Each structure stands twice: as C-alpha cells, then as structure tokens.
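The next block holds one structure in the form of structure tokens; read it before the comments.
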Amino acid sequence: MYTYMLTAALTLGLLGCKKETTLPTTPIVGLGGDTWVKRPLDFWIDKNYVDPYNIEVKYKWDPYELNYAKNLVPVLESQVEPVMTAVRDIYIKPYEQVAGNNFIKKYSPKLFQLAGSAEYNENGTVVLGQAEGGRKIVLMVINQFNKANVAEVQRMLHTIHHEFAHILHQIHAYPVEWKGLNPDKITAAWFNTTDEEANTQGLVTAYAKASPDEDFVETVAVLLVNGQTYFDAIVNNPYVPQASKKILRQKESIVVDFYQKEYNIDFRKLQEVTKQAILNSTK
Amino acid sequence: MIKHTLISKTILGVASLLVFSGCNKYLDQAPDMRTELNSPEKIGELLATAYPQANYITFTESMSDNVSDKGSGAVDPDNSMPYFFKDNKNTDGDSPTNYWNAAYKAISAANHALEIIDKQEGAEAYKPFKGEALVARAYAHFMLVTLFSKPYSLQTSNTDPGIPYVTTTEKIVLGHYERKTVAYVYNMIEKDLKEGMPLINDSKYKVPKYHFTRSAASAFAARFYLYKKDYTNSVKYASAVFSNASFSAYLRPVNSTEYMSYQYNELQAQYTRAVNPANILLVEAPTAWGRSYATNRYGFTSDLMSKLTTSVNVTGGTWAYNIYGSENTINIPKFREHFVRLTLNAESGIPYNMIPIFSAEETLFNRAEANAMLGNFDAAIDDLNDYIASKFIVSPSLPFYDESLQVSIDKLLEFYDSADRTQVLINCILDFKRVNFLFEGERWFDIIRHGLPVQHKKSNGEILTLGPKDPQRVFQLPEEVQSSGIELNPR
C-alpha cells in the first residue's frame with residue numbers, strides 16, 4: 001500500500017549513486033559561477049524596477065525560468081528598455097495612481113522574465129505570457145515589440161493585465177456566480193472558435209472559453225486595455241444575442257465590484273487612466 | 001504498612017478466585033475481535049471485498065493510442081513504462097502487479113465465502129451470496145486472463161497459456177498452480193457465471209451499484225460472450241441488462257442542456273456516482289489516477305484532441321463533451337477523489353477513485369458489435385443512433401442534437417469508404433468507444449481484441465510500434481509467481 005500527500009503526490013527518487021573521485025572545480029553557470037559587469041541597461045532596470053518596487057527584470061537567457069520543452073529565442077537587448085518602459089507606464093503607473101503607492105509593491109509579481117519569441121504549441125496556438133503563483137510573470141514576443149504600433153502595444157499590455165488579474169483573483173477569489181454564467185461554453189479546444197463567435201456566446205475573446213479563470217482575466221484585460229468603448233461595441237453588436245449581452249454586462253459589473261470590494265480600487269477610474277497612458281505611450 | 005499488605009493479599013485472593021471461576025466462559029471467547037463467518041449478512045460483507053480493488057486504467061490507458069508524449073509533465077513509471085511498451089517493475093501503485101495481487105485477493109475472498117456457504121446444508125438465505133461470490137470470482141479471473149494472457153481466439157486458445165483459475169482458499173505458504181490454457185479459463189468463467197447468475201438477488205445488497213446485481217452480471221456476461229466471440233449470447237445478455245429494449249434512458253446525456261451546464265466539479269462528481277443510471281457496476285480502488293491523468297507526461301494531447309474529438313466524424317456533428325485544461329493538461333473530468341487520511345489530522349493518506357466497471361454505454365457497444373457480427377445491421381444501427389442522440393451536437397455554435405446526425409448503413413459505408421457492412425459498423429463502434437472511454441482505459445481491450453497496432457512517439461522522434469503479434473501486448477506476470485510453479489509470459 002502507498003500513501004500520498006494531500007495536496008500533491010510527491011515522488012522521491014532514491015538513486016544509488018557511485019562516488020565520484022573529484023568534483024568539478026568550475027562553478028555551474030547561474031549558480032554563482034558567472035560574473036558580469038553591470039551596463040547601462042542594468043542600471044536603468046535598477047532605477048525603474050528594483051529600487052522603487054523590488055521587482056527583478058530578467059532579460060538574460062535562463063532556460064530554467066522558461067518552458068524547457070519548447071524552443072524559445074533570447075531577448076534582443078535593445079528591446080528591453082522600450083518594453084519595460086511601456087509596462088511601467090501602462091501597467092504600474094495607472095495602478096499606482098488609482099490604488100496608491102503600496103498596491104503594486106504589495107501585489108505585483110516580483111519577477112518579470114522576458115523571452116524573445118512566443119511559445120508555439122502543437123495545436124497552432126501560441127503562448128504570449130504566463131503567470132506563476134503570483135510571483136512571476138513571463139513576457140514573450142519581446143523582440144517584435146514596437147511602441148509606435150498601437151495594436152502591438154495593446155497586445156503586450158493585454159498580456160500583462162491578463163496575468164496580473166490572475167494574481168489578483170488567486171489572492172482573492174472572484175464571486176462563484178461567475179463560474180455559473182456560461183459553463184457550457186468552456187472548452188480546451190477554444191482555438192476552434194473565433195473572437196466574434198465567442199462574443200455571441202457572451203465571452204470577450206475565444207481564449208476566455210478555456211476556463212472560468214481565463215474568462216475573468218480576459219474580461220479584465222479587455223476592459224482595461226481595449227477600453228470601455230471597445231467592450232460596449234462588443235455588447236452592442238447586433239449579432240450578439242440578447243442573452244449574451246446580458247451575460248457580458250453581468251461580467252462587467254462583477255469585475256467592477258470585485259475591484260471595489262476586494263482591493264478598494266475604482267475600476268472606472270483605472271480604465272480611464274490606463275486609456276490615457278496608452279495614448280501617451282504610443283504618441 | 002501491615003494493613004496495606006493485608007489488603008493486597010485479600011485482593012489477590014479475591015482476584016484469583018474470580019479468574020479461576022470464570023475460566024471456562026472466558027476462554028470460550030475469541031481473544032480478538034475476529035469475525036466469524038456464521039451468517040448470510042457477514043458473508044455478504046466479506047463479499048464486498050470480492051472485487052479487485054485496484055485500478056487497471058493507468059496501465060491500459062498509458063499503453064493505448066489515447067496517449068502521446070507532451071514533452072513535459074509528471075513522470076511516473078506507472079505511466080511511462082507502459083508508454084514505452086516496457087514491463088513495469090513497480091509492485092504497488094497502479095501497476096499490473098498490483099492489479100494481479102488485488103484480483104487474487106478478491107478471488108480469495110470469494111473462495112472463503114464459498115467454502116463457508118458450501119458447509120451450510122441447503123440454507124436458502126446463503127444462495128444470493130453464493131451467486132455473488134461465483135460471479136465475482138468469474139469476473140476477477142476474466143480480467144486477469146484479459147490482461148495477462150492472449151485474447152480469446154477460436155484457433156489458438158486451446159494452447160495459449162491462461163492464468164491459474166483458483167477455486168479453493170490457500171492454506172499452505174506456497175501452493176503450486178498451473179496456468180493451463182485460455183480456453184480452460186474461459187470455460188471455468190462460463191461455468192461460474194452460469195451457476196452464479198440465477199442465484200443473485202438484488203434486494204440483498206445495501207448499495208447495489210457496488211455489487212453484482214442481475215443487471216451487472218448480465219452486463220458482464222454480454223462482455224464475456226463478446227470477447228468469447230459467442231455473439232448470440234452476447235446480444236441475449238446485453239438485452240437483459242435493462243428492462244427496455246432501447247438504452248436511451250440510461251446513457252449519460254452529455255449533449256443535454258443540463259449536462260452541458262455542469263461545472264467542472266459537478267461533472268467530476270456525477271460521473272461515478274452510484275445514482276447515475278449509466279453506471280451498472282462501480283468498484284472503489286486506491287489509485288493516483290484521478291489526480292494525475294491530466295498532468296501525466298504521457299497523456300492526452302491537443303494533437304489527439306483534434307484527431308479524436310474535434311475532427312470530422314461520421315455523424316457530421318460535434319462531440320458534446322466539455323473538454324477542460326490547457327495544452328498540457330487536457331482532460332474530461334471523470335474521477336472524483338475520495339481521500340482517506342491515515343489519521344484524523346493527517347495530511348497524508350490514500351486516494352480512492354470509483355472505477356466504472358460496467359456502464360450502459362459499454363453494454364450498448366457490446367450489443368451493437370455482437371449484432372454487427374451476426375449481421376443484424378438494423379439492430380446495431382438503432383443502438384448507435386440511441387448513442388448519438390445522447391452524445392453529439394450539431395456544432396459548437398448550434399449546441400443541440402438534431403436527427404440529421406443519425407447514421408444509416410449507407411452513411412457509414414460512405415464515410416468509412418468500404419463495401420463491408422460489418423466492418424464499417426465495427427469501425428464506427430470503435431471510433432465512438434475510443435472517445436466515450438477516454439481516460440477510462442477501455443480502449444486497450446479493443447486494441448487487443450481487434451489486433452490494432454499502437455504507435456508511440458519518443459521525444460527524440462523515434463516511433464515505437466506495438467504490432468498485432470508483439471509479446472508486449474500481454475502484461476507480464478509478477479516475478480514472484482514463479483515460486484508457485486507459474487511460467488512468466490515470453491518477452
């Protein structure tokens with residue numbers, strides 16, 4: 001008979017090992033074995049992320065921070081500052097302005113890991129970012145970022161706001177009634193649906209069909225980054241049936257309430273400030 | 001001081017008096033809390049353990065073509081060894097060895113019960129339990145011969161080695177056993193099944209879904225005769241499982257509005273619930289399967305999903321299953337874990353899953369397959385259409401069933417591009433079964449019965465093929481059985 005831990009099955013591999021005669025003298029890269037001199041970019045990161053927020057920005061190649069089963073491309077150094085400037089101005093600053101100085105310090109993940117390309121899945125979908133346990137956000141496709149391209153900036157910021165919303169609902173759960181709004185639409189094959197089809201089913205994007213959690217954060221990200229006008233246009237689309245319109249409006253109000261009740265944030269004001277920040281950044 | 005001594009002497013004297021006088025009656029009591037099998041109820045309780053309390057799904061599913069390499073994820077030998085078509089040396093957990101041991105433990109419980117019952121001369125009250133014990137003994141042997149011997153074949157079963165058919169309890173440390181032949185084992189199963197089935201009385205069970213009821217015994221017989229290629233009997237017993245000719249009312253209504261609106265945990269809980277009419281027999285088993293099948297490295301991938309559930313199928317519609325998870329965790333919720341803590345406040349313990357052994361769907365497919373083999377094409381088509389009406393929707397944007405999704409023999413001939421009516425029916429049944437029993441390990445039984453090849457890709461691109469004649473298709477017996485004079489399977 002065997003026993004398991006309550007929360008996770010632990011597999012302990014006990015290996016009989018042969019004793020090596022000598023240990024390697026050269027330290028292992030990444031485990032104290034590498035030294036490098038700080039350059040202007042590192043000072044910029046210190047000034048804008050490490051010192052004010054205690055957030056680490058890792059742009060150097062480290063396969064163990066990423067999905068080692070996929071082929072990924074390292075980051076172009078020249079892309080780091082533009083991307084992280086946009087992140088600061090369109091994600092950190094609006095939260096600071098609306099929720100106060102301490103909010104980001106308290107809740108923001110402490111590590112931004114950057115990757116040059118996206119993660120390509122076998123089913124034709126791509127991973128643009130990932131949030132892990134409220135501690136780390138992986139931001140991908142850094143090498144394609146162009147601050148003059150509004151759509152591109154929105155896509156990148158959509159990823160951040162999406163992942164940050166995951167962290168917020170992982171700390172304080174959203175109301176359970178959310179899960180009951182359209183459980184019949186949940187599917188792992190969400191990529192077979194277009195965004196427009198998803199809209200008619202009462203979801204903001206196709207990816208929102210992946211799970212209620214994804215639905216929640218997609219709704220948050222669309223409301224913040226694409227903005228209220230965009231969201232209203234979805235709801236008012238004549239192809240969206242009445243029932244779905246109602247669901248979308250219900251979701252909107254749950255999001256607004258969630259921010260107010262759980263984090264004391266005026267979501268409408270946050271939307272307004274984020275919108276302004278996107279306009280300023282893409283000028 | 002003196003007083004003290006006196007008192008203790010007195011007490012000693014009184015105490016010894018009590019002990020000696022009470023001697024006879026005291027020793028008449030058993031020194032421990034052991035149960036004596038002296039009433040039909042107690043036999044019934046013993047028989048609750050006459051079902052193999054182990055899970056075969058982990059190794060049958062991992063060996064089947066329902067899994068592929070995700071590239072990353074949890075690696076456990078119970079999952080990876082079958083994927084690489086290798087013998088799993090693990091003796092506990094979800095290994096074939098564990099299943100073997102659990103099956104013989106179940107057989108031993110049945111044999112214990114039968115030995116006691118046979119000593120009760122003509123006692124009517126024991127009859128229902130004799131029936132249950134015989135059918136349970138037949139079932140455990142049936143599963144063993146299916147997993148550890150070659151599939152039944154009219155040509156070779158008279159020589160293919162079977163598994164020991166044990167009808168007595170073991171009273172010596174290492175008994176000597178013989179595998180005999182697959183044909184012998186099948187004959188013994190049939191004998192027990194035929195003798196036991198008429199004796200069963202459903203009203204004797206507290207929770208009937210965990211015992212061989214009349215329905216469950218018939219469902220077992222339908223599967224047994226199908227595997228034995230006795231199609232007439234398979235149809236006969238399948239039709240005896242439910243009172244209606246059509247199984248519609250018993251199938252899981254996956255495409256109903258209500259079912260589609262279930263959330264993850266509800267879906268998970270209802271699937272193996274005893275009140276669910278689709279479940280005919282459930283067995284509880286300690287297993288890590290329910291918590292690990294979504295995250296196992298060798299599992300269901302998005303490639304397989306697009307091939308099996310979202311590609312074009314014979315109905316022209318779409319499977320109604322809500323499939324959950326992302327890239328590396330795709331799953332259909334089917335197993336609700338029952339976690340038994342080691343002590344009241346322990347954080348560790350033993351996870352249990354309820355394993356659906358016989359279901360309405362499986363019986364329907366068995367009947368349809370037997371009918372197809374007998375040439376009763378219309379009957380097979382009727383069953384398949386009942387099935388389709390419970391599992392398919394027109395499309396994700398038109399999420400309801402429509403009669404246009406029904407199949408006919410012509411539709412099958414065209415879709416499978418063949419002129420052989422039996423063959424296209426079998427193809428359709430196997431395709432439906434493959435999706436219906438995802439994560440339930442049933443696909444393996446079709447693979448061995450129909451000689452289907454299985455291909456598994458390794459991470460370096462190499463493709464492993466398990467051909468129809470591969471000796472690895474028969475799971476290896478535990479090494480220690482050799483000390484009872486049993487030969488292992490060739491490798």
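Quick note on naming: the chains in the structure tokens go A, B, ... in the order shown, residues restart at 1 in each chain, and ligands are numbered from 1 in order of appearance.
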
Apply DSSP to the backbone of this structure and, from range 92-144 of chain A, keep only the residues in helix (DSSP H, G or I); write these as JSON, numbers by chain.
-> {"A": [92, 93, 94, 95, 96, 97, 98, 99, 101, 102, 103, 104, 105, 106, 107, 142, 143, 144]}

For the residues in that selection, give me C-alpha atoms as a PDB file, in the first residue's frame.
```
ATOM      1  CA  ILE A  92       2.420  50.082 -12.915  1.00  0.00           C
ATOM      2  CA  LYS A  93       1.724  53.810 -13.064  1.00  0.00           C
ATOM      3  CA  PRO A  94      -2.072  53.585 -13.534  1.00  0.00           C
ATOM      4  CA  TYR A  95      -2.369  51.188 -10.586  1.00  0.00           C
ATOM      5  CA  GLU A  96      -0.160  53.492  -8.538  1.00  0.00           C
ATOM      6  CA  GLN A  97      -2.271  56.487  -9.396  1.00  0.00           C
ATOM      7  CA  VAL A  98      -5.619  54.812  -8.670  1.00  0.00           C
ATOM      8  CA  ALA A  99      -4.758  52.311  -5.919  1.00  0.00           C
ATOM      9  CA  ASN A 101       1.764  53.656  -3.895  1.00  0.00           C
ATOM     10  CA  ASN A 102       1.757  50.485  -1.887  1.00  0.00           C
ATOM     11  CA  PHE A 103      -0.578  48.442  -4.039  1.00  0.00           C
ATOM     12  CA  ILE A 104       1.935  47.495  -6.705  1.00  0.00           C
ATOM     13  CA  LYS A 105       4.651  46.987  -4.106  1.00  0.00           C
ATOM     14  CA  LYS A 106       2.428  44.546  -2.301  1.00  0.00           C
ATOM     15  CA  TYR A 107       0.754  42.625  -5.113  1.00  0.00           C
ATOM     16  CA  ILE A 142       9.664  40.901 -26.752  1.00  0.00           C
ATOM     17  CA  ASN A 143      11.631  41.045 -29.996  1.00  0.00           C
ATOM     18  CA  GLN A 144       8.599  42.099 -32.049  1.00  0.00           C
TER      19      GLN A 144
END
```

Who sits within 9 Å of Ser62 in chain B, only C-alpha atoms, same chain under 2 positions skipped, as a PyMOL selection string | chain B and resi 57-60+64-68+78-83+298-299+441

Excluding same-chain residues fewer than 4 positions from range 219-223 of chain B, what lies within 9 Å of it counting only C-alpha atoms, as number ranges by chain?
-> B: 135, 139, 190, 193-194, 212, 214-215, 227-228, 231, 233-241, 280-281, 358-360, 362-363, 366-367

Select residues of chain B: the criterion is any atom within 6 Å of an atom of chain A, counting only C-alpha atoms; output as a PyMOL selection string.
-> chain B and resi 71+260-261+263+302+322-326+347-350

Counting only C-alpha atoms, closest pick from A:Lys261, A:Lys269, A:Lys251, A:His161 relative to Trp178 in chain A is A:Lys251

Å distance separating CA of Glu177 in chain A from CA of Ser244 in chain A, one decimal place |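 CA of Glu177 in chain A sits 15.6 Å away from CA of Ser244 in chain A.
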
Interatomic distance (Å, one decimal) between CA of Asn427 in chain B and CA of Leu412 in chain B = 8.9 Å

Can you tell me, as a PyMOL selection string, what residues are no more than 9 Å from Phe247 in chain B when counting only C-alpha atoms, ignoring any on the same chain fewer than 3 positions away?
-> chain B and resi 242+244+250-251+360-361+364+383+386-387

Emit the selected residues as a PDB file, in the first residue's frame, including N, CA and C atoms.
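That gives us again.pdb:
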```pdb
ATOM      1  N   PHE B 242     -31.150  -4.095 -19.001  1.00  0.00           N
ATOM      2  CA  PHE B 242     -32.202  -3.140 -18.655  1.00  0.00           C
ATOM      3  C   PHE B 242     -33.542  -3.700 -19.087  1.00  0.00           C
ATOM      4  N   ASN B 244     -35.838  -2.016 -20.686  1.00  0.00           N
ATOM      5  CA  ASN B 244     -36.227  -1.512 -22.010  1.00  0.00           C
ATOM      6  C   ASN B 244     -35.336  -2.091 -23.099  1.00  0.00           C
ATOM      7  N   TYR B 250     -30.739   5.318 -20.152  1.00  0.00           N
ATOM      8  CA  TYR B 250     -29.651   5.024 -19.226  1.00  0.00           C
ATOM      9  C   TYR B 250     -28.325   5.661 -19.634  1.00  0.00           C
ATOM     10  N   LEU B 251     -28.263   6.180 -20.864  1.00  0.00           N
ATOM     11  CA  LEU B 251     -26.991   6.729 -21.341  1.00  0.00           C
ATOM     12  C   LEU B 251     -26.736   8.096 -20.719  1.00  0.00           C
ATOM     13  N   ALA B 360     -23.777   1.632 -19.038  1.00  0.00           N
ATOM     14  CA  ALA B 360     -24.795   1.469 -20.077  1.00  0.00           C
ATOM     15  C   ALA B 360     -24.164   1.600 -21.464  1.00  0.00           C
ATOM     16  N   GLU B 361     -23.223   2.537 -21.585  1.00  0.00           N
ATOM     17  CA  GLU B 361     -22.583   2.748 -22.890  1.00  0.00           C
ATOM     18  C   GLU B 361     -21.822   1.497 -23.322  1.00  0.00           C
ATOM     19  N   LEU B 364     -24.147  -1.127 -24.453  1.00  0.00           N
ATOM     20  CA  LEU B 364     -24.716  -0.784 -25.759  1.00  0.00           C
ATOM     21  C   LEU B 364     -23.729  -1.110 -26.880  1.00  0.00           C
ATOM     22  N   ASP B 383     -28.970   0.950 -32.018  1.00  0.00           N
ATOM     23  CA  ASP B 383     -28.192   1.224 -30.806  1.00  0.00           C
ATOM     24  C   ASP B 383     -27.273   2.427 -31.013  1.00  0.00           C
ATOM     25  N   ASP B 386     -29.200   5.598 -30.831  1.00  0.00           N
ATOM     26  CA  ASP B 386     -29.511   5.954 -29.436  1.00  0.00           C
ATOM     27  C   ASP B 386     -28.308   6.622 -28.801  1.00  0.00           C
ATOM     28  N   TYR B 387     -27.147   6.068 -29.114  1.00  0.00           N
ATOM     29  CA  TYR B 387     -25.920   6.615 -28.541  1.00  0.00           C
ATOM     30  C   TYR B 387     -25.682   8.041 -29.047  1.00  0.00           C
TER      31      TYR B 387
END
```

Close residues, range 110-121 of chain B itself excluded, 12 Å, only C-alpha atoms, min 2 positions apart in chain, as a PyMOL selection string = chain B and resi 36-52+103-108+123-141+165-171+192+196

Please indicate the distance in Å from CA of Ala294 in chain B to CA of Asn353 in chain B, rounded to one decimal place.
->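 Calculated distance between CA of Ala294 in chain B and CA of Asn353 in chain B is 14.7 Å.
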